[in-house]
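What follows is one structure encoded as structure tokens, with my remarks underneath.
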Amino acid sequence: MADAWIAGAAMTTFGRSPHGPEVLASQAVAAALADGGLAATEIGQVFLGNAAAGLLLGQEMIRGQVFLRGSGLLGAPIVNVENACASSSSALSLAVTAVRGGMLDAALAVGVEKMTVPDKARVFGALASATDTLRRPDMRTLVATTTLGEARPAGEGAPTASAFMDHYAHKGAVYLEKAGGDVHDLARVVVKSRAFGALNPAAQFTTPTTVEEVLAGRVISDPLRLSMCAPIGDGAAAVVVVSDRLAKRLGRRSVRVAGQGIVSNDPTTPDFPAGLAAAKAFIQAGVGPHDIDVVEVHDAAAPAELFCLEEIGLCPEGGALGLLRDGVTGPGGRRPVNPSGGLLSRGHPVGATGCGQIVELADQLRGRCSARQVPGARLALAQNSGGILGDHEAVAVVTILERTTR
């Protein structure tokens, strides 16, 4: 299999933005192309990930062509990718596959999302559409009444939180009971996340917090407090993937895509999609979990960081609590997790999240992360998941990047 390299990577600040997706996407693309030393005309194919613009902005079907009008990329083949919160990591997987297969020398993966709209209930309804609405009539009703204009059932008010938080609350409570943890451990995840976010100028939340402050927050779905849930926000991220031939010419052979795995959930099996995707990525990269130096996982809620680490094999079952309590996964720890601040602090504009993780890890491997830099990082892993199908995420993507000296 031919090598694929990350030649350029960039993102906007995540959070509430006055700009729409066209400006956000163009900003991220321009910065990524400049980082990679390429012109827009040199990109052979573009894959744009977006999850919710159809329901939130009324833009369906040709999102990439519309959102990239100001980028200089029109004329290139643009493929639109919608895969829930894993939209842009799925776009990256397609870009890497195209380059590795020798179809082209340069591909671009872009993720963009505009989630701050006047009616927040519409956001919660749009997120609910990332479930199996054919088998969840409650989710179908939520989507219809918040985004499609159908009347709400008598006595039912507008949603005040994402239905996904009920899922994470239940899964988190089960995890804590089995692992011997409690709500204070979930608060510690947030404290760690905010400590990293305070070191990341592109993060949505950059103010440190305490366990007491976290636990004093509004209960969203017990045991989850407000700051234990990823925030609504806007943003874009872009990653330039190039062939070995072009990487040599550009002098950009420092971050290699060593392995990737993408898996959809099969609810008839007990398997964790993230675990299956990680196994594929490890085999492809020829490394094991013990080799990974820095990690970005899909912490859409605080407990997800803990059980995701275990599902992808980075620690034994029940072991994530010990890593958290001992500071192993925090600033200065021997295996930092979510040094960007993660979804909890960097933010979670869902269609941009996957590429946002890759921007962080590529920068870590290139030594560009200043105060949050992981010294000597050589292997980095990103786990990005999306949707709910059965008891687990509908799709999981794991990407392993390697710093090289070629």
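Numbering starts fresh at 1 for the residues of each chain in the structure tokens, the chains themselves are lettered A, B, ... in the order given, and ligands are numbered from 1 as they appear.
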
Residues of stretch 227-313 of chain A in strand (DSSP E or B) according to DSSP, as a ChimeraX atom specification?
/A:229,234-243,255-264,294-296,301

Pick out the residues sitting within 8 Å of A:Ser93, and hand them over as a list in words; count only C-alpha atoms, and ignore anything fewer than 4 positions along from it in its own chain.
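Those residues are Ser89, Thr97, Gln260 and Ile262 of chain A.
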
Name all residues at most 8 Å from A:Val359 (count only C-alpha atoms; drop same-chain ones fewer than 2 positions away) and give them as a ChimeraX atom specification.
/A:9-11,237-239,355-357,361-363

Please save N, CA, C and O atoms of the selected residues as a PDB file, in the first residue's frame.
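Final file, part.pdb:
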```
ATOM      1  N   ALA A   9      -2.472  21.084   7.569  1.00  0.00           N
ATOM      2  CA  ALA A   9      -3.642  20.909   8.436  1.00  0.00           C
ATOM      3  C   ALA A   9      -3.908  22.213   9.172  1.00  0.00           C
ATOM      4  O   ALA A   9      -2.977  22.856   9.670  1.00  0.00           O
ATOM      5  N   ALA A  10      -5.180  22.590   9.234  1.00  0.00           N
ATOM      6  CA  ALA A  10      -5.524  23.854   9.897  1.00  0.00           C
ATOM      7  C   ALA A  10      -6.992  23.838  10.288  1.00  0.00           C
ATOM      8  O   ALA A  10      -7.797  23.102   9.712  1.00  0.00           O
ATOM      9  N   MET A  11      -7.337  24.665  11.246  1.00  0.00           N
ATOM     10  CA  MET A  11      -8.718  24.771  11.683  1.00  0.00           C
ATOM     11  C   MET A  11      -9.010  26.202  12.129  1.00  0.00           C
ATOM     12  O   MET A  11      -8.102  26.966  12.454  1.00  0.00           O
ATOM     13  N   ALA A 237     -12.394  22.608   9.857  1.00  0.00           N
ATOM     14  CA  ALA A 237     -11.021  22.107   9.868  1.00  0.00           C
ATOM     15  C   ALA A 237     -10.747  21.463   8.522  1.00  0.00           C
ATOM     16  O   ALA A 237     -11.656  20.923   7.885  1.00  0.00           O
ATOM     17  N   ALA A 238      -9.507  21.513   8.085  1.00  0.00           N
ATOM     18  CA  ALA A 238      -9.134  20.968   6.779  1.00  0.00           C
ATOM     19  C   ALA A 238      -7.780  20.273   6.867  1.00  0.00           C
ATOM     20  O   ALA A 238      -6.889  20.722   7.603  1.00  0.00           O
ATOM     21  N   VAL A 239      -7.650  19.179   6.103  1.00  0.00           N
ATOM     22  CA  VAL A 239      -6.423  18.380   6.104  1.00  0.00           C
ATOM     23  C   VAL A 239      -6.052  18.060   4.655  1.00  0.00           C
ATOM     24  O   VAL A 239      -6.880  17.545   3.892  1.00  0.00           O
ATOM     25  N   CYS A 355     -11.818  16.052  11.603  1.00  0.00           N
ATOM     26  CA  CYS A 355     -10.637  16.725  11.043  1.00  0.00           C
ATOM     27  C   CYS A 355      -9.965  17.586  12.102  1.00  0.00           C
ATOM     28  O   CYS A 355      -8.734  17.749  12.083  1.00  0.00           O
ATOM     29  N   GLY A 356     -10.750  18.151  13.030  1.00  0.00           N
ATOM     30  CA  GLY A 356     -10.155  18.928  14.118  1.00  0.00           C
ATOM     31  C   GLY A 356      -9.206  18.093  14.957  1.00  0.00           C
ATOM     32  O   GLY A 356      -8.139  18.570  15.375  1.00  0.00           O
ATOM     33  N   GLN A 357      -9.567  16.844  15.217  1.00  0.00           N
ATOM     34  CA  GLN A 357      -8.667  15.950  15.946  1.00  0.00           C
ATOM     35  C   GLN A 357      -7.355  15.742  15.189  1.00  0.00           C
ATOM     36  O   GLN A 357      -6.272  15.742  15.786  1.00  0.00           O
ATOM     37  N   LEU A 361      -3.388  16.494  16.263  1.00  0.00           N
ATOM     38  CA  LEU A 361      -2.361  15.454  16.337  1.00  0.00           C
ATOM     39  C   LEU A 361      -1.230  15.700  15.340  1.00  0.00           C
ATOM     40  O   LEU A 361      -0.065  15.433  15.642  1.00  0.00           O
ATOM     41  N   ALA A 362      -1.567  16.204  14.159  1.00  0.00           N
ATOM     42  CA  ALA A 362      -0.504  16.553  13.207  1.00  0.00           C
ATOM     43  C   ALA A 362       0.386  17.647  13.784  1.00  0.00           C
ATOM     44  O   ALA A 362       1.621  17.610  13.634  1.00  0.00           O
ATOM     45  N   ASP A 363      -0.222  18.612  14.455  1.00  0.00           N
ATOM     46  CA  ASP A 363       0.570  19.671  15.082  1.00  0.00           C
ATOM     47  C   ASP A 363       1.413  19.131  16.242  1.00  0.00           C
ATOM     48  O   ASP A 363       2.552  19.567  16.452  1.00  0.00           O
TER      49      ASP A 363
END
```

Tell me which of A:Arg256, A:His348, A:Lys120, A:Arg249 sits closest to A:Arg403, counting only C-alpha atoms.
A:Arg256

Step one, run DSSP on the backbone; step two, keep only residues of stretch 147-213 of chain A assigned to helix (DSSP H, G or I); then write them as an NGL selection string.
:A and (147 or 164-179 or 183-197 or 211-213)

Please build the interface table for stretch 134-199 of chain A against stretch 323-327 of chain A with a cut-off of 8 Å, listing for each qualifying residue the nearest atom pair and the distance in Å to one decimal; count only C-alpha atoms, order rows by chain and increasing number, and write it as a Markdown table.
```
| residue | atom | partner | partner_atom | distance |
| --- | --- | --- | --- | --- |
| A:Asp185 | CA | A:Arg325 | CA | 7.8 |
| A:Arg188 | CA | A:Leu324 | CA | 7.6 |
| A:Val189 | CA | A:Leu324 | CA | 7.3 |
```

What's the 7 Å shell around A:Gly347, counting only C-alpha atoms, without same-chain residues fewer than 2 positions away, as a list in words?
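Listed by chain and then number, they are Phe14, Gly15, Ala203, Gln204, Ala230, Pro231, Gly233, Gly342, Leu343, Leu344, Ser345 and Pro349 of chain A.
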
Write the residues of the preceding selection, restricted to all heavy atoms, as a PDB file, in the first residue's frame.
```
ATOM      1  N   PHE A  14     -12.976  27.039  17.312  1.00  0.00           N
ATOM      2  CA  PHE A  14     -14.298  26.455  17.509  1.00  0.00           C
ATOM      3  C   PHE A  14     -15.062  27.286  18.536  1.00  0.00           C
ATOM      4  O   PHE A  14     -14.485  27.784  19.500  1.00  0.00           O
ATOM      5  CB  PHE A  14     -14.191  25.012  17.995  1.00  0.00           C
ATOM      6  CG  PHE A  14     -13.817  24.012  16.928  1.00  0.00           C
ATOM      7  CD1 PHE A  14     -13.538  24.395  15.628  1.00  0.00           C
ATOM      8  CD2 PHE A  14     -13.753  22.657  17.230  1.00  0.00           C
ATOM      9  CE1 PHE A  14     -13.207  23.462  14.647  1.00  0.00           C
ATOM     10  CE2 PHE A  14     -13.420  21.717  16.265  1.00  0.00           C
ATOM     11  CZ  PHE A  14     -13.143  22.108  14.978  1.00  0.00           C
ATOM     12  N   GLY A  15     -16.375  27.418  18.343  1.00  0.00           N
ATOM     13  CA  GLY A  15     -17.207  28.188  19.270  1.00  0.00           C
ATOM     14  C   GLY A  15     -18.295  28.922  18.517  1.00  0.00           C
ATOM     15  O   GLY A  15     -18.592  28.604  17.362  1.00  0.00           O
ATOM     16  N   ALA A 203      -9.558  26.688  21.132  1.00  0.00           N
ATOM     17  CA  ALA A 203     -10.603  25.980  21.862  1.00  0.00           C
ATOM     18  C   ALA A 203     -11.785  26.886  22.175  1.00  0.00           C
ATOM     19  O   ALA A 203     -11.649  28.114  22.303  1.00  0.00           O
ATOM     20  CB  ALA A 203     -10.043  25.399  23.155  1.00  0.00           C
ATOM     21  N   GLN A 204     -12.949  26.277  22.347  1.00  0.00           N
ATOM     22  CA  GLN A 204     -14.157  27.007  22.701  1.00  0.00           C
ATOM     23  C   GLN A 204     -14.134  27.449  24.159  1.00  0.00           C
ATOM     24  O   GLN A 204     -14.558  28.547  24.492  1.00  0.00           O
ATOM     25  CB  GLN A 204     -15.392  26.139  22.433  1.00  0.00           C
ATOM     26  CG  GLN A 204     -16.722  26.846  22.638  1.00  0.00           C
ATOM     27  CD  GLN A 204     -17.880  26.102  21.983  1.00  0.00           C
ATOM     28  OE1 GLN A 204     -17.664  25.200  21.187  1.00  0.00           O
ATOM     29  NE2 GLN A 204     -19.086  26.483  22.301  1.00  0.00           N
ATOM     30  N   ALA A 230     -20.453  17.977  25.752  1.00  0.00           N
ATOM     31  CA  ALA A 230     -19.808  18.805  24.734  1.00  0.00           C
ATOM     32  C   ALA A 230     -20.739  19.938  24.319  1.00  0.00           C
ATOM     33  O   ALA A 230     -21.949  19.737  24.168  1.00  0.00           O
ATOM     34  CB  ALA A 230     -19.429  17.962  23.524  1.00  0.00           C
ATOM     35  N   PRO A 231     -20.205  21.142  24.118  1.00  0.00           N
ATOM     36  CA  PRO A 231     -21.032  22.300  23.809  1.00  0.00           C
ATOM     37  C   PRO A 231     -21.425  22.379  22.338  1.00  0.00           C
ATOM     38  O   PRO A 231     -20.822  21.742  21.471  1.00  0.00           O
ATOM     39  CB  PRO A 231     -20.118  23.479  24.162  1.00  0.00           C
ATOM     40  CG  PRO A 231     -18.743  22.955  23.844  1.00  0.00           C
ATOM     41  CD  PRO A 231     -18.779  21.502  24.234  1.00  0.00           C
ATOM     42  N   GLY A 233     -21.447  24.490  18.950  1.00  0.00           N
ATOM     43  CA  GLY A 233     -20.542  25.504  18.423  1.00  0.00           C
ATOM     44  C   GLY A 233     -20.411  25.422  16.915  1.00  0.00           C
ATOM     45  O   GLY A 233     -21.015  24.564  16.263  1.00  0.00           O
ATOM     46  N   GLY A 342     -10.224  18.382  23.749  1.00  0.00           N
ATOM     47  CA  GLY A 342     -11.265  17.425  23.390  1.00  0.00           C
ATOM     48  C   GLY A 342     -12.571  18.096  23.016  1.00  0.00           C
ATOM     49  O   GLY A 342     -12.671  19.323  22.932  1.00  0.00           O
ATOM     50  N   LEU A 343     -13.580  17.287  22.803  1.00  0.00           N
ATOM     51  CA  LEU A 343     -14.886  17.831  22.435  1.00  0.00           C
ATOM     52  C   LEU A 343     -15.438  18.681  23.569  1.00  0.00           C
ATOM     53  O   LEU A 343     -16.143  19.664  23.342  1.00  0.00           O
ATOM     54  CB  LEU A 343     -15.859  16.703  22.105  1.00  0.00           C
ATOM     55  CG  LEU A 343     -15.729  16.050  20.726  1.00  0.00           C
ATOM     56  CD1 LEU A 343     -14.379  15.386  20.503  1.00  0.00           C
ATOM     57  CD2 LEU A 343     -16.849  15.028  20.513  1.00  0.00           C
ATOM     58  N   LEU A 344     -15.111  18.321  24.820  1.00  0.00           N
ATOM     59  CA  LEU A 344     -15.649  19.034  25.969  1.00  0.00           C
ATOM     60  C   LEU A 344     -15.161  20.475  26.039  1.00  0.00           C
ATOM     61  O   LEU A 344     -15.904  21.358  26.472  1.00  0.00           O
ATOM     62  CB  LEU A 344     -15.278  18.307  27.267  1.00  0.00           C
ATOM     63  CG  LEU A 344     -15.945  16.954  27.516  1.00  0.00           C
ATOM     64  CD1 LEU A 344     -15.382  16.324  28.785  1.00  0.00           C
ATOM     65  CD2 LEU A 344     -17.457  17.108  27.630  1.00  0.00           C
ATOM     66  N   SER A 345     -13.915  20.728  25.630  1.00  0.00           N
ATOM     67  CA  SER A 345     -13.364  22.086  25.745  1.00  0.00           C
ATOM     68  C   SER A 345     -12.980  22.692  24.407  1.00  0.00           C
ATOM     69  O   SER A 345     -13.236  23.877  24.178  1.00  0.00           O
ATOM     70  CB  SER A 345     -12.144  22.080  26.674  1.00  0.00           C
ATOM     71  OG  SER A 345     -12.527  21.779  27.994  1.00  0.00           O
ATOM     72  N   PRO A 349     -18.344  21.176  16.940  1.00  0.00           N
ATOM     73  CA  PRO A 349     -19.169  21.421  15.747  1.00  0.00           C
ATOM     74  C   PRO A 349     -19.126  20.154  14.905  1.00  0.00           C
ATOM     75  O   PRO A 349     -18.147  19.887  14.213  1.00  0.00           O
ATOM     76  CB  PRO A 349     -18.469  22.600  15.068  1.00  0.00           C
ATOM     77  CG  PRO A 349     -17.078  22.603  15.593  1.00  0.00           C
ATOM     78  CD  PRO A 349     -17.066  21.890  16.895  1.00  0.00           C
TER      79      PRO A 349
END
```

Excluding stretch 215-221 of chain A and its own-chain neighbours fewer than 4 positions away, which residues fall within 12 Å of it when counting only C-alpha atoms? Please give them as a count of residues only.
35

Of A:Thr146, A:Ser370, A:Gln59, A:Asn50, the one nearest to A:Asn80 when counting only C-alpha atoms is A:Asn50

Test item: residues at most 10 Å from stretch 68-75 of chain A, only C-alpha atoms, excluding those fewer than 2 positions along its chain, as a PyMOL selection string
chain A and resi 21-30+39-46+48+63-66+77-78+108+110

Could you save those same residues with C-alpha atoms as a short mmCIF file (atom, residue, chain, number, x, y, z; two decimals), in the first residue's frame?
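Result went into result.cif, see below:
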```cif
data_model
loop_
_atom_site.label_atom_id
_atom_site.label_comp_id
_atom_site.auth_asym_id
_atom_site.auth_seq_id
_atom_site.Cartn_x
_atom_site.Cartn_y
_atom_site.Cartn_z
CA PRO A 21 -20.20 27.63 6.80
CA GLU A 22 -18.91 29.16 3.55
CA VAL A 23 -16.59 31.57 5.36
CA LEU A 24 -15.56 29.02 7.99
CA ALA A 25 -14.73 26.34 5.41
CA SER A 26 -12.82 28.78 3.20
CA GLN A 27 -10.75 29.99 6.15
CA ALA A 28 -9.74 26.47 7.16
CA VAL A 29 -9.00 25.43 3.58
CA ALA A 30 -6.85 28.48 2.86
CA ALA A 39 -2.42 25.92 -4.46
CA ALA A 40 -6.11 25.08 -4.67
CA THR A 41 -5.63 24.10 -8.32
CA GLU A 42 -3.25 21.30 -7.29
CA ILE A 43 -5.93 19.45 -5.30
CA GLY A 44 -7.18 16.44 -7.25
CA GLN A 45 -10.30 15.72 -5.19
CA VAL A 46 -12.17 17.21 -2.24
CA LEU A 48 -16.38 17.66 2.54
CA ARG A 63 -23.12 21.38 0.51
CA GLY A 64 -19.48 21.14 -0.53
CA GLN A 65 -20.03 22.94 -3.80
CA VAL A 66 -21.86 25.75 -1.96
CA PRO A 77 -14.38 16.80 -7.96
CA ILE A 78 -16.20 17.51 -4.67
CA LEU A 108 -8.39 17.54 0.67
CA VAL A 110 -12.74 19.34 5.03
#
```

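The nearest approach to A:Arg372 among the residues A:Ser264, A:Thr147, A:Asn83, A:Ser340, with only C-alpha atoms taken into account, belongs to A:Ser340.
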
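For the choices A:Gly332, A:Gly20, A:Gly36, A:Pro223, the atom-to-atom distance to A:Phe196 is smallest for A:Gly332 when using only C-alpha atoms.
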
So, with only C-alpha atoms as the atoms that count, which of A:Gly259, A:Gly286, A:Gly354, A:Gly54 lies closest to A:Leu401?
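Selected residue with least distance to A:Leu401: A:Gly259.
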
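Nearest to A:Ala247 of all the residues A:Val99, A:Leu55, A:Leu92, A:Ile358 is A:Val99, counting only C-alpha atoms.
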
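As for atom CA of A:Gly37 and atom CA of A:Ala91, they are spaced 21.1 Å apart.
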